[in-house]
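Okay, final34.pdb now, which holds PDB, C-alpha atoms:
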ATOM      1  CA  MET A   1      35.069  38.142  27.696
ATOM      2  CA  LYS A   2      38.522  36.942  26.695
ATOM      3  CA  LEU A   3      41.406  36.496  29.125
ATOM      4  CA  ALA A   4      45.069  35.538  28.910
ATOM      5  CA  THR A   5      48.109  35.198  31.145
ATOM      6  CA  LEU A   6      51.246  37.094  30.170
ATOM      7  CA  ARG A   7      54.739  36.122  31.196
ATOM      8  CA  ALA A   8      55.882  37.894  34.360
ATOM      9  CA  ASN A   9      58.464  37.465  37.079
ATOM     10  CA  ARG A  10      56.298  34.926  38.887
ATOM     11  CA  PRO A  11      55.196  31.377  37.975
ATOM     12  CA  ASP A  12      51.497  32.168  37.509
ATOM     13  CA  GLY A  13      52.082  35.177  35.255
ATOM     14  CA  GLN A  14      49.954  38.315  34.936
ATOM     15  CA  LEU A  15      46.229  38.209  34.125
ATOM     16  CA  VAL A  16      45.118  40.425  31.243
ATOM     17  CA  VAL A  17      41.812  41.082  29.506
ATOM     18  CA  VAL A  18      42.071  40.639  25.728
ATOM     19  CA  SER A  19      40.053  42.475  23.098
ATOM     20  CA  ASN A  20      37.491  40.538  21.119
ATOM     21  CA  ASP A  21      39.671  40.637  17.989
ATOM     22  CA  LEU A  22      42.745  39.454  19.967
ATOM     23  CA  THR A  23      44.812  42.494  18.965
ATOM     24  CA  ARG A  24      45.001  44.374  22.298
ATOM     25  CA  CYS A  25      45.036  43.651  25.999
ATOM     26  CA  VAL A  26      44.972  45.468  29.312
ATOM     27  CA  SER A  27      46.240  44.430  32.726
ATOM     28  CA  ALA A  28      43.601  43.085  35.099
ATOM     29  CA  GLY A  29      45.954  43.407  38.060
ATOM     30  CA  ARG A  30      43.770  45.849  39.987
ATOM     31  CA  ILE A  31      40.961  43.247  39.878
ATOM     32  CA  ALA A  32      42.862  39.953  40.095
ATOM     33  CA  PRO A  33      46.606  39.364  39.692
ATOM     34  CA  THR A  34      46.229  35.876  38.174
ATOM     35  CA  LEU A  35      43.567  33.780  36.491
ATOM     36  CA  GLN A  36      43.436  31.447  39.476
ATOM     37  CA  ALA A  37      42.746  34.409  41.760
ATOM     38  CA  ALA A  38      39.883  35.436  39.497
ATOM     39  CA  LEU A  39      38.465  31.894  39.498
ATOM     40  CA  ASP A  40      38.650  31.717  43.295
ATOM     41  CA  ASP A  41      36.300  34.724  43.566
ATOM     42  CA  TRP A  42      34.539  34.483  40.208
ATOM     43  CA  GLN A  43      31.055  35.612  41.230
ATOM     44  CA  ARG A  44      32.394  38.911  42.529
ATOM     45  CA  LEU A  45      35.249  39.536  40.117
ATOM     46  CA  SER A  46      33.915  38.370  36.746
ATOM     47  CA  PRO A  47      31.538  41.380  36.381
ATOM     48  CA  GLU A  48      34.506  43.703  36.963
ATOM     49  CA  LEU A  49      36.606  41.825  34.401
ATOM     50  CA  SER A  50      33.709  41.925  31.944
ATOM     51  CA  ALA A  51      33.327  45.682  32.404
ATOM     52  CA  LEU A  52      37.049  46.119  31.715
ATOM     53  CA  ALA A  53      36.671  44.023  28.551
ATOM     54  CA  THR A  54      33.818  46.235  27.379
ATOM     55  CA  GLN A  55      35.906  49.366  27.919
ATOM     56  CA  LEU A  56      38.761  47.843  25.948
ATOM     57  CA  ASP A  57      36.539  46.826  23.026
ATOM     58  CA  LYS A  58      34.887  50.255  22.911
ATOM     59  CA  GLY A  59      38.260  51.978  22.775
ATOM     60  CA  GLU A  60      37.755  53.693  26.120
ATOM     61  CA  ILE A  61      41.053  52.117  27.186
ATOM     62  CA  ALA A  62      44.006  52.083  24.810
ATOM     63  CA  GLY A  63      45.597  48.971  26.226
ATOM     64  CA  GLN A  64      48.687  47.495  24.604
ATOM     65  CA  PRO A  65      49.271  45.150  21.645
ATOM     66  CA  PHE A  66      48.530  41.528  22.481
ATOM     67  CA  GLU A  67      51.406  39.304  21.444
ATOM     68  CA  PRO A  68      50.612  35.580  21.776
ATOM     69  CA  THR A  69      54.335  34.819  22.045
ATOM     70  CA  THR A  70      54.385  36.652  25.390
ATOM     71  CA  ALA A  71      51.551  34.536  26.817
ATOM     72  CA  LEU A  72      51.851  31.564  29.106
ATOM     73  CA  ALA A  73      49.231  28.851  29.279
ATOM     74  CA  PRO A  74      46.098  30.572  30.677
ATOM     75  CA  LEU A  75      46.673  28.552  33.855
ATOM     76  CA  PRO A  76      50.440  27.894  33.838
ATOM     77  CA  ARG A  77      49.926  25.460  36.692
ATOM     78  CA  ALA A  78      46.516  24.162  37.686
ATOM     79  CA  TYR A  79      45.143  22.399  40.725
ATOM     80  CA  GLN A  80      43.871  19.624  38.491
ATOM     81  CA  TRP A  81      43.852  18.540  34.821
ATOM     82  CA  ILE A  82      41.300  15.837  34.038
ATOM     83  CA  ASP A  83      41.138  14.557  30.485
ATOM     84  CA  GLY A  84      38.078  12.737  29.221
ATOM     85  CA  ALA A  85      36.927  10.858  26.136
ATOM     86  CA  GLY A  86      33.924  12.638  24.707
ATOM     87  CA  TYR A  87      34.234  11.447  21.100
ATOM     88  CA  MET A  88      33.587   7.731  20.623
ATOM     89  CA  SER A  89      34.780   7.851  17.012
ATOM     90  CA  HIS A  90      38.279   8.620  18.306
ATOM     91  CA  LEU A  91      38.239   5.593  20.595
ATOM     92  CA  GLU A  92      36.883   3.408  17.820
ATOM     93  CA  ARG A  93      39.738   4.414  15.530
ATOM     94  CA  VAL A  94      42.579   3.951  18.016
ATOM     95  CA  ARG A  95      41.384   0.800  19.820
ATOM     96  CA  SER A  96      43.610  -1.330  17.584
ATOM     97  CA  LEU A  97      46.727   0.473  18.785
ATOM     98  CA  LYS A  98      49.134  -1.555  20.873
ATOM     99  CA  GLY A  99      48.259  -1.125  24.525
ATOM    100  CA  SER A 100      44.596  -0.260  23.981
ATOM    101  CA  ARG A 101      41.833  -2.432  25.354
ATOM    102  CA  ASP A 102      38.403  -2.999  23.811
ATOM    103  CA  ALA A 103      36.875  -2.958  27.293
ATOM    104  CA  GLU A 104      37.778   0.717  27.509
ATOM    105  CA  LEU A 105      35.255   1.654  24.803
ATOM    106  CA  GLN A 106      32.548   2.608  27.251
ATOM    107  CA  SER A 107      29.457   4.261  25.839
ATOM    108  CA  VAL A 108      27.524   4.592  29.112
ATOM    109  CA  ARG A 109      30.099   6.413  31.234
ATOM    110  CA  PRO A 110      33.040   8.449  29.885
ATOM    111  CA  LEU A 111      36.622   7.416  30.355
ATOM    112  CA  ILE A 112      38.727   9.946  32.263
ATOM    113  CA  TYR A 113      42.246  10.130  33.621
ATOM    114  CA  GLN A 114      44.145  12.613  35.774
ATOM    115  CA  GLY A 115      47.035  14.226  33.931
ATOM    116  CA  GLY A 116      49.973  16.277  35.135
ATOM    117  CA  SER A 117      49.057  19.904  35.794
ATOM    118  CA  ASP A 118      52.066  21.312  37.624
ATOM    119  CA  SER A 119      53.627  22.652  34.411
ATOM    120  CA  LEU A 120      51.298  23.382  31.500
ATOM    121  CA  SER A 121      52.813  24.621  28.251
ATOM    122  CA  ALA A 122      52.225  27.889  26.441
ATOM    123  CA  ALA A 123      50.886  27.977  22.892
ATOM    124  CA  THR A 124      54.305  28.736  21.418
ATOM    125  CA  ASP A 125      56.448  26.574  23.694
ATOM    126  CA  PRO A 126      58.400  23.856  21.866
ATOM    127  CA  ILE A 127      57.428  20.219  22.269
ATOM    128  CA  VAL A 128      60.573  18.747  23.811
ATOM    129  CA  ILE A 129      61.128  14.999  23.402
ATOM    130  CA  PRO A 130      63.798  13.039  25.309
ATOM    131  CA  GLU A 131      64.196  10.427  22.552
ATOM    132  CA  ASP A 132      63.478  10.324  18.810
ATOM    133  CA  ASP A 133      61.636   6.988  18.669
ATOM    134  CA  LEU A 134      58.717   7.598  21.070
ATOM    135  CA  ALA A 135      56.040   8.026  18.353
ATOM    136  CA  LEU A 136      55.246  11.656  19.189
ATOM    137  CA  ASP A 137      51.637  12.601  18.472
ATOM    138  CA  PHE A 138      49.450  15.654  18.949
ATOM    139  CA  GLU A 139      45.837  15.420  20.149
ATOM    140  CA  VAL A 140      43.475  18.288  19.424
ATOM    141  CA  GLU A 141      41.032  18.906  22.274
ATOM    142  CA  LEU A 142      38.808  21.484  23.894
ATOM    143  CA  ALA A 143      39.345  22.411  27.521
ATOM    144  CA  ALA A 144      36.846  23.819  30.014
ATOM    145  CA  ILE A 145      38.114  25.602  33.117
ATOM    146  CA  ILE A 146      35.536  25.276  35.867
ATOM    147  CA  GLY A 147      34.493  26.718  39.199
ATOM    148  CA  PRO A 148      33.826  24.601  42.313
ATOM    149  CA  VAL A 149      31.652  21.513  41.833
ATOM    150  CA  PRO A 150      30.166  19.414  44.663
ATOM    151  CA  MET A 151      30.376  15.646  44.751
ATOM    152  CA  ARG A 152      27.564  14.045  42.696
ATOM    153  CA  PRO A 153      26.435  17.302  41.048
ATOM    154  CA  SER A 154      23.244  17.719  39.050
ATOM    155  CA  ARG A 155      23.489  18.543  35.356
ATOM    156  CA  GLU A 156      22.486  22.103  36.192
ATOM    157  CA  GLN A 157      25.261  22.445  38.770
ATOM    158  CA  ALA A 158      27.837  21.009  36.371
ATOM    159  CA  ALA A 159      26.794  23.313  33.525
ATOM    160  CA  ALA A 160      26.803  26.377  35.776
ATOM    161  CA  ALA A 161      30.386  25.613  36.847
ATOM    162  CA  ILE A 162      31.842  26.059  33.336
ATOM    163  CA  ARG A 163      33.745  29.338  33.447
ATOM    164  CA  LEU A 164      36.051  29.417  30.420
ATOM    165  CA  ILE A 165      36.688  27.529  27.178
ATOM    166  CA  THR A 166      39.838  27.111  25.065
ATOM    167  CA  VAL A 167      41.728  24.675  22.823
ATOM    168  CA  CYS A 168      44.598  22.435  23.893
ATOM    169  CA  ASN A 169      47.126  19.974  22.501
ATOM    170  CA  ASP A 170      47.264  16.830  24.620
ATOM    171  CA  VAL A 171      50.735  15.730  23.545
ATOM    172  CA  SER A 172      51.176  11.944  23.529
ATOM    173  CA  LEU A 173      54.117   9.568  23.258
ATOM    174  CA  ARG A 174      52.362   6.608  21.646
ATOM    175  CA  ARG A 175      55.229   4.156  22.088
ATOM    176  CA  LEU A 176      54.951   4.510  25.872
ATOM    177  CA  VAL A 177      51.162   4.022  26.051
ATOM    178  CA  ALA A 178      51.314   0.229  26.255
ATOM    179  CA  ASP A 179      53.829   0.257  29.103
ATOM    180  CA  ASP A 180      51.814   2.841  31.042
ATOM    181  CA  LEU A 181      48.552   0.913  30.687
ATOM    182  CA  GLN A 182      49.895  -2.607  31.149
ATOM    183  CA  ASN A 183      52.617  -2.101  33.741
ATOM    184  CA  GLY A 184      51.536   0.968  35.665
ATOM    185  CA  PHE A 185      48.466   2.725  37.046
ATOM    186  CA  GLY A 186      47.568   4.434  33.763
ATOM    187  CA  PHE A 187      48.889   7.229  31.536
ATOM    188  CA  PHE A 188      52.005   8.835  32.961
ATOM    189  CA  HIS A 189      55.218   8.815  30.902
ATOM    190  CA  SER A 190      53.181   8.712  27.690
ATOM    191  CA  LYS A 191      51.537  12.041  28.522
ATOM    192  CA  PRO A 192      54.032  14.925  28.794
ATOM    193  CA  SER A 193      53.032  18.559  29.276
ATOM    194  CA  THR A 194      49.777  19.633  27.623
ATOM    195  CA  SER A 195      49.839  22.932  25.724
ATOM    196  CA  PHE A 196      47.033  25.492  25.604
ATOM    197  CA  ALA A 197      45.894  28.243  23.258
ATOM    198  CA  PRO A 198      46.848  31.698  24.596
ATOM    199  CA  VAL A 199      43.284  32.926  25.196
ATOM    200  CA  VAL A 200      40.332  31.591  27.197
ATOM    201  CA  VAL A 201      36.786  32.750  26.497
ATOM    202  CA  THR A 202      33.628  32.818  28.609
ATOM    203  CA  PRO A 203      30.774  30.726  27.161
ATOM    204  CA  ASP A 204      28.494  33.759  26.783
ATOM    205  CA  ALA A 205      31.075  35.498  24.588
ATOM    206  CA  LEU A 206      30.968  32.564  22.173
ATOM    207  CA  GLY A 207      27.313  33.262  21.348
ATOM    208  CA  ASP A 208      25.453  30.501  19.516
ATOM    209  CA  ARG A 209      28.746  28.734  18.854
ATOM    210  CA  TRP A 210      28.431  27.502  22.465
ATOM    211  CA  ARG A 211      25.219  25.541  22.977
ATOM    212  CA  ASP A 212      24.223  22.225  24.570
ATOM    213  CA  ASN A 213      27.519  22.334  26.490
ATOM    214  CA  LYS A 214      29.437  21.980  23.204
ATOM    215  CA  LEU A 215      31.543  24.273  21.020
ATOM    216  CA  HIS A 216      30.204  24.289  17.470
ATOM    217  CA  LEU A 217      33.331  25.330  15.552
ATOM    218  CA  PRO A 218      35.825  23.552  13.303
ATOM    219  CA  ILE A 219      39.273  23.020  14.807
ATOM    220  CA  ARG A 220      41.884  23.378  12.086
ATOM    221  CA  VAL A 221      45.117  21.413  12.325
ATOM    222  CA  GLU A 222      48.182  21.899  10.147
ATOM    223  CA  VAL A 223      51.399  19.885  10.241
ATOM    224  CA  ASN A 224      54.380  21.559   8.587
ATOM    225  CA  GLY A 225      51.967  23.993   6.927
ATOM    226  CA  THR A 226      49.793  21.263   5.360
ATOM    227  CA  LEU A 227      46.143  20.817   6.321
ATOM    228  CA  TYR A 228      45.785  17.712   8.477
ATOM    229  CA  GLY A 229      42.233  18.034   9.766
ATOM    230  CA  GLN A 230      39.370  20.343  10.641
ATOM    231  CA  PRO A 231      36.821  18.290  12.595
ATOM    232  CA  ASN A 232      33.878  20.204  14.033
ATOM    233  CA  ALA A 233      33.991  20.106  17.823
ATOM    234  CA  GLY A 234      30.189  20.159  18.046
ATOM    235  CA  VAL A 235      29.648  17.090  15.849
ATOM    236  CA  ASP A 236      29.624  13.427  16.971
ATOM    237  CA  VAL A 237      29.963  14.347  20.659
ATOM    238  CA  HIS A 238      28.983  11.324  22.727
ATOM    239  CA  PHE A 239      29.761  12.902  26.106
ATOM    240  CA  ASP A 240      29.546  16.686  26.471
ATOM    241  CA  PHE A 241      31.342  18.739  29.106
ATOM    242  CA  VAL A 242      28.529  18.313  31.619
ATOM    243  CA  ASP A 243      28.815  14.523  31.279
ATOM    244  CA  LEU A 244      32.573  14.735  31.824
ATOM    245  CA  ILE A 245      32.267  17.012  34.863
ATOM    246  CA  ILE A 246      29.655  14.752  36.449
ATOM    247  CA  GLU A 247      31.880  11.715  35.948
ATOM    248  CA  ALA A 248      34.919  13.534  37.382
ATOM    249  CA  ALA A 249      32.905  14.547  40.466
ATOM    250  CA  ARG A 250      31.377  11.119  41.024
ATOM    251  CA  THR A 251      33.520  10.442  44.113
ATOM    252  CA  ARG A 252      34.990  13.868  44.933
ATOM    253  CA  GLN A 253      34.329  17.576  44.799
ATOM    254  CA  LEU A 254      36.217  19.650  42.248
ATOM    255  CA  THR A 255      37.899  22.928  43.071
ATOM    256  CA  ALA A 256      37.894  26.195  41.128
ATOM    257  CA  GLY A 257      40.598  26.089  38.471
ATOM    258  CA  THR A 258      40.139  22.432  37.569
ATOM    259  CA  ILE A 259      40.605  21.889  33.826
ATOM    260  CA  ILE A 260      38.438  19.331  32.012
ATOM    261  CA  GLY A 261      39.541  18.014  28.600
ATOM    262  CA  SER A 262      37.069  16.918  25.944
ATOM    263  CA  GLY A 263      39.189  14.127  24.544
ATOM    264  CA  THR A 264      40.499  14.129  20.980
ATOM    265  CA  ILE A 265      37.991  15.806  18.658
ATOM    266  CA  ALA A 266      36.885  13.352  15.976
ATOM    267  CA  ASN A 267      34.111  13.223  13.364
ATOM    268  CA  HIS A 268      32.918  10.066  11.603
ATOM    269  CA  HIS A 269      34.270   9.611   8.055
ATOM    270  CA  ASP A 270      36.191   7.022   6.069
ATOM    271  CA  SER A 271      38.760   9.231   4.338
ATOM    272  CA  THR A 272      42.544   9.106   4.612
ATOM    273  CA  LEU A 273      45.282  11.705   4.195
ATOM    274  CA  PRO A 274      45.835  13.899   2.273
ATOM    275  CA  ILE A 275      42.510  15.705   2.578
ATOM    276  CA  LYS A 276      40.906  18.375   0.428
ATOM    277  CA  GLU A 277      40.408  21.925   1.668
ATOM    278  CA  ASP A 278      36.833  21.049   2.673
ATOM    279  CA  GLY A 279      37.756  17.652   4.135
ATOM    280  CA  ILE A 280      37.382  16.601   7.766
ATOM    281  CA  GLY A 281      40.678  14.849   8.413
ATOM    282  CA  PHE A 282      42.003  13.962  11.827
ATOM    283  CA  GLY A 283      42.735  15.449  15.239
ATOM    284  CA  CYS A 284      45.717  13.182  15.885
ATOM    285  CA  ILE A 285      48.220  11.080  13.944
ATOM    286  CA  ALA A 286      47.133   7.778  15.503
ATOM    287  CA  GLU A 287      43.708   8.075  13.889
ATOM    288  CA  ALA A 288      45.190   8.816  10.479
ATOM    289  CA  ARG A 289      47.484   5.808  10.728
ATOM    290  CA  THR A 290      44.642   3.513  11.778
ATOM    291  CA  ALA A 291      42.549   4.638   8.792
ATOM    292  CA  GLU A 292      45.517   3.942   6.519
ATOM    293  CA  LYS A 293      45.958   0.451   7.928
ATOM    294  CA  VAL A 294      42.315  -0.310   7.159
ATOM    295  CA  LYS A 295      42.463   1.079   3.609
ATOM    296  CA  PHE A 296      46.016   0.235   2.513
ATOM    297  CA  GLY A 297      47.089  -2.531   4.905
ATOM    298  CA  LYS A 298      49.775  -0.391   6.518
ATOM    299  CA  ALA A 299      50.268   3.055   8.020
ATOM    300  CA  ARG A 300      51.859   5.692   5.793
ATOM    301  CA  THR A 301      51.775   8.850   7.901
ATOM    302  CA  PRO A 302      54.800   9.276  10.201
ATOM    303  CA  PHE A 303      54.700  10.485  13.768
ATOM    304  CA  LEU A 304      56.241  13.857  14.574
ATOM    305  CA  LYS A 305      60.004  14.296  14.660
ATOM    306  CA  PRO A 306      62.351  17.149  15.623
ATOM    307  CA  GLY A 307      61.893  20.093  13.274
ATOM    308  CA  ASP A 308      58.208  19.384  12.596
ATOM    309  CA  SER A 309      55.646  22.074  13.398
ATOM    310  CA  VAL A 310      51.996  21.886  14.454
ATOM    311  CA  ARG A 311      49.368  24.625  14.275
ATOM    312  CA  ILE A 312      45.984  24.241  15.990
ATOM    313  CA  ALA A 313      43.179  26.824  15.962
ATOM    314  CA  ALA A 314      39.410  27.027  16.435
ATOM    315  CA  ILE A 315      38.124  28.870  13.379
ATOM    316  CA  GLY A 316      35.285  31.365  13.742
ATOM    317  CA  THR A 317      33.649  34.027  11.600
ATOM    318  CA  GLY A 318      35.885  35.517   8.932
ATOM    319  CA  ASN A 319      38.348  32.641   9.291
ATOM    320  CA  ARG A 320      39.563  34.154  12.562
ATOM    321  CA  SER A 321      41.212  32.160  15.315
ATOM    322  CA  VAL A 322      38.844  32.361  18.296
ATOM    323  CA  PHE A 323      41.331  31.468  21.057
ATOM    324  CA  GLY A 324      44.548  32.339  19.254
ATOM    325  CA  ASP A 325      46.768  29.710  17.650
ATOM    326  CA  ILE A 326      48.759  26.920  19.194
ATOM    327  CA  ARG A 327      51.989  26.976  17.170
ATOM    328  CA  GLN A 328      54.601  24.493  18.338
ATOM    329  CA  THR A 329      57.810  23.055  16.941
ATOM    330  CA  VAL A 330      59.269  19.715  17.971
ATOM    331  CA  VAL A 331      62.784  19.814  19.426
ATOM    332  CA  ALA A 332      65.029  17.131  20.890
ATOM    333  CA  LEU A 333      66.131  17.364  24.496
ATOM    334  CA  SER A 334      69.591  18.873  24.697
ATOM    335  CA  PRO A 335      72.226  16.364  25.854
ATOM    336  CA  ARG A 336      73.745  16.776  29.261
ATOM    337  CA  PRO A 337      76.992  18.792  29.262
TER     338      PRO A 337
END
Since I need it in another form, could you write the structure as structure tokens?
Amino acid sequence: MKLATLRANRPDGQLVVVSNDLTRCVSAGRIAPTLQAALDDWQRLSPELSALATQLDKGEIAGQPFEPTTALAPLPRAYQWIDGAGYMSHLERVRSLKGSRDAELQSVRPLIYQGGSDSLSAATDPIVIPEDDLALDFEVELAAIIGPVPMRPSREQAAAAIRLITVCNDVSLRRLVADDLQNGFGFFHSKPSTSFAPVVVTPDALGDRWRDNKLHLPIRVEVNGTLYGQPNAGVDVHFDFVDLIIEAARTRQLTAGTIIGSGTIANHHDSTLPIKEDGIGFGCIAEARTAEKVKFGKARTPFLKPGDSVRIAAIGTGNRSVFGDIRQTVVALSPRP
């Protein structure tokens, strides 16, 4: 089952069921007005949503064209957004960045932080930066939207709580990382609004591409139309989503609608940019720059600037985008009148 949230005259939008090929959708309003409402009563409502999805895919309901540009983030505002660090190769590459600490490279328990979730960005929203020199970076991640989880859950309880999967862009302002970590309580100003693919998918609908609490698909990244990376999200995973959920619930219960981030998707390799069509590449600019420093003695790849564009998509069978594309352009904040 695939779901999305269309823009409406209310902050949380309108829940729709999307066809498997992402071409059509139908309102789910008679079942649940919003995705959060569906998550709050998932055991009762998900079979009804699934039945509606089946009718749509069989052509029993005409529906309407699905236009990703009309979609909000699946959860435009969430009760909680918890980002983790599931890929150790990402941490290993960026530990030399100013503001990072070697002590943070934990291999026994995952690192997590609580991000802002009051305003999550749509897949086609611009990335707005207040200043040009903040070292704007994208970070390609998976996101799991979960149901309620008790404090200190078992692995079985954590796995059973995973409701929906999608892709996200954890936008980062690298130049502010050091100040956040050294002079504050953690990431804050360096982590503006995270953007999400337009569609979320239930694990069962992903088939064998979802196994062992991991998504086994390449995530393709393009910057200004040029291939930047396509790491496989199921490879080199040190902490899976169950590990991240258990860590997040170590001292608290989690409510339905909590979003868990996988951390930047990264595979082990020693290549630098540019990459070939079958290359692995990178899920963020910071990694590419670190690899360049090791190989060439200095970084060559620039951070994003106004006018640059980023495309992120999980690629499935037939080169199709499984969750729809994240397509964002960088713009500068308009000056005050």
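Environment of (34.2, 8.9, 36.8): residues at most 8 Å away, judged by all atoms listed in the file, are Arg109, Pro110, Leu111, Ile112, Leu244, Ile246, Glu247, Ala248, Ala249, Arg250 and Thr251 of chain A.
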Residue nearest Phe241 in chain A - candidates A:Glu131, A:Glu222, A:Glu60, A:Glu141, atoms counted: all atoms listed in the file: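 When distances to Phe241 in chain A are compared using all atoms listed in the file, the smallest one comes from A:Glu141.
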note - CA of Gly86 in chain A and CA of Asp240 in chain A are separated by 6.2 Å
Exercise. How would you write, as a list of chain:residue names, the residues chosen by the PyMOL selection byres ((chain A and resi 2-7) around 6) on this structure?
Worked result: A:Met1, A:Ala8, A:Gly13, A:Gln14, A:Leu15, A:Val16, A:Val17, A:Val18, A:Thr70, A:Ala71, A:Leu72, A:Pro74, A:Val199, A:Val200, A:Val201
If the PyMOL selection byres ((chain A and resi 332) around 6) were run on this exact file, what residues would it hold? Put them as a list of chain:residue names.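 With the shown file as input, the PyMOL selection byres ((chain A and resi 332) around 6) matches A:Val128, A:Ile129, A:Pro306, A:Val331, A:Leu333.
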Write out as a Markdown table the residues of range 145-237 of chain A that have any atom within 12 Å of an atom of range 257-269 of chain A, one row each with the nearest atom pair and its distance in Å to one decimal, counting only C-alpha atoms, sorted by chain and then rising number.
| residue | atom | partner | partner_atom | distance |
| --- | --- | --- | --- | --- |
| A:Ile145 | CA | A:Ile259 | CA | 4.5 |
| A:Ile146 | CA | A:Thr258 | CA | 5.7 |
| A:Gly147 | CA | A:Gly257 | CA | 6.2 |
| A:Pro148 | CA | A:Gly257 | CA | 7.9 |
| A:Val149 | CA | A:Thr258 | CA | 9.5 |
| A:Ala158 | CA | A:Ile260 | CA | 11.6 |
| A:Ala161 | CA | A:Thr258 | CA | 10.3 |
| A:Ile162 | CA | A:Ile260 | CA | 9.5 |
| A:Arg163 | CA | A:Gly257 | CA | 9.1 |
| A:Leu164 | CA | A:Ile259 | CA | 9.4 |
| A:Ile165 | CA | A:Ile259 | CA | 9.6 |
| A:Thr166 | CA | A:Gly261 | CA | 9.8 |
| A:Val167 | CA | A:Gly261 | CA | 9.1 |
| A:Cys168 | CA | A:Gly261 | CA | 8.2 |
| A:Asn169 | CA | A:Thr264 | CA | 9.0 |
| A:Asp170 | CA | A:Thr264 | CA | 8.1 |
| A:Val171 | CA | A:Thr264 | CA | 10.7 |
| A:Ser172 | CA | A:Thr264 | CA | 11.2 |
| A:Thr194 | CA | A:Gly261 | CA | 10.4 |
| A:Ser195 | CA | A:Gly261 | CA | 11.8 |
| A:Phe196 | CA | A:Gly261 | CA | 11.0 |
| A:Val200 | CA | A:Ile259 | CA | 11.8 |
| A:Asn213 | CA | A:Ser262 | CA | 11.0 |
| A:Lys214 | CA | A:Ser262 | CA | 9.6 |
| A:Leu215 | CA | A:Ser262 | CA | 10.4 |
| A:His216 | CA | A:Ile265 | CA | 11.6 |
| A:Leu217 | CA | A:Ile265 | CA | 11.0 |
| A:Pro218 | CA | A:Ile265 | CA | 9.7 |
| A:Ile219 | CA | A:Ile265 | CA | 8.3 |
| A:Arg220 | CA | A:Ile265 | CA | 10.8 |
| A:Val221 | CA | A:Ile265 | CA | 11.1 |
| A:Gly229 | CA | A:Ala266 | CA | 9.4 |
| A:Gln230 | CA | A:Ala266 | CA | 9.1 |
| A:Pro231 | CA | A:Asn267 | CA | 5.8 |
| A:Asn232 | CA | A:Asn267 | CA | 7.0 |
| A:Ala233 | CA | A:Ile265 | CA | 5.9 |
| A:Gly234 | CA | A:Ile265 | CA | 9.0 |
| A:Val235 | CA | A:Asn267 | CA | 6.4 |
| A:Asp236 | CA | A:Asn267 | CA | 5.8 |
| A:Val237 | CA | A:Ile265 | CA | 8.4 |
Expressed in Å, the length from CA of Gln36 in chain A to CA of Arg77 in chain A is 9.3 Å
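Here CA of Leu176 in chain A stands at a distance of 15.9 Å from CA of Tyr113 in chain A.
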When the PyMOL selection byres ((chain A and resi 120) around 8) is applied to the file above, which residues end up in the set, as an mmCIF file with C-alpha atoms, keeping the file's coordinate frame?
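Contents of the output file selection_33.cif:
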data_model
loop_
_atom_site.group_PDB
_atom_site.id
_atom_site.type_symbol
_atom_site.label_atom_id
_atom_site.label_comp_id
_atom_site.auth_asym_id
_atom_site.auth_seq_id
_atom_site.Cartn_x
_atom_site.Cartn_y
_atom_site.Cartn_z
ATOM 1 C CA ALA A 73 49.231 28.851 29.279
ATOM 2 C CA LEU A 75 46.673 28.552 33.855
ATOM 3 C CA PRO A 76 50.440 27.894 33.838
ATOM 4 C CA ARG A 77 49.926 25.460 36.692
ATOM 5 C CA ALA A 78 46.516 24.162 37.686
ATOM 6 C CA SER A 117 49.057 19.904 35.794
ATOM 7 C CA ASP A 118 52.066 21.312 37.624
ATOM 8 C CA SER A 119 53.627 22.652 34.411
ATOM 9 C CA SER A 121 52.813 24.621 28.251
ATOM 10 C CA ALA A 122 52.225 27.889 26.441
ATOM 11 C CA SER A 193 53.032 18.559 29.276
ATOM 12 C CA THR A 194 49.777 19.633 27.623
ATOM 13 C CA SER A 195 49.839 22.932 25.724
ATOM 14 C CA PHE A 196 47.033 25.492 25.604
#
Point out the residue among A:Phe303, A:Phe323, A:Tyr228, A:Phe239 with the least atom-to-atom distance to Ser271 in chain A, counting all atoms listed in the file.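 Smallest distance to Ser271 in chain A is found for A:Tyr228.
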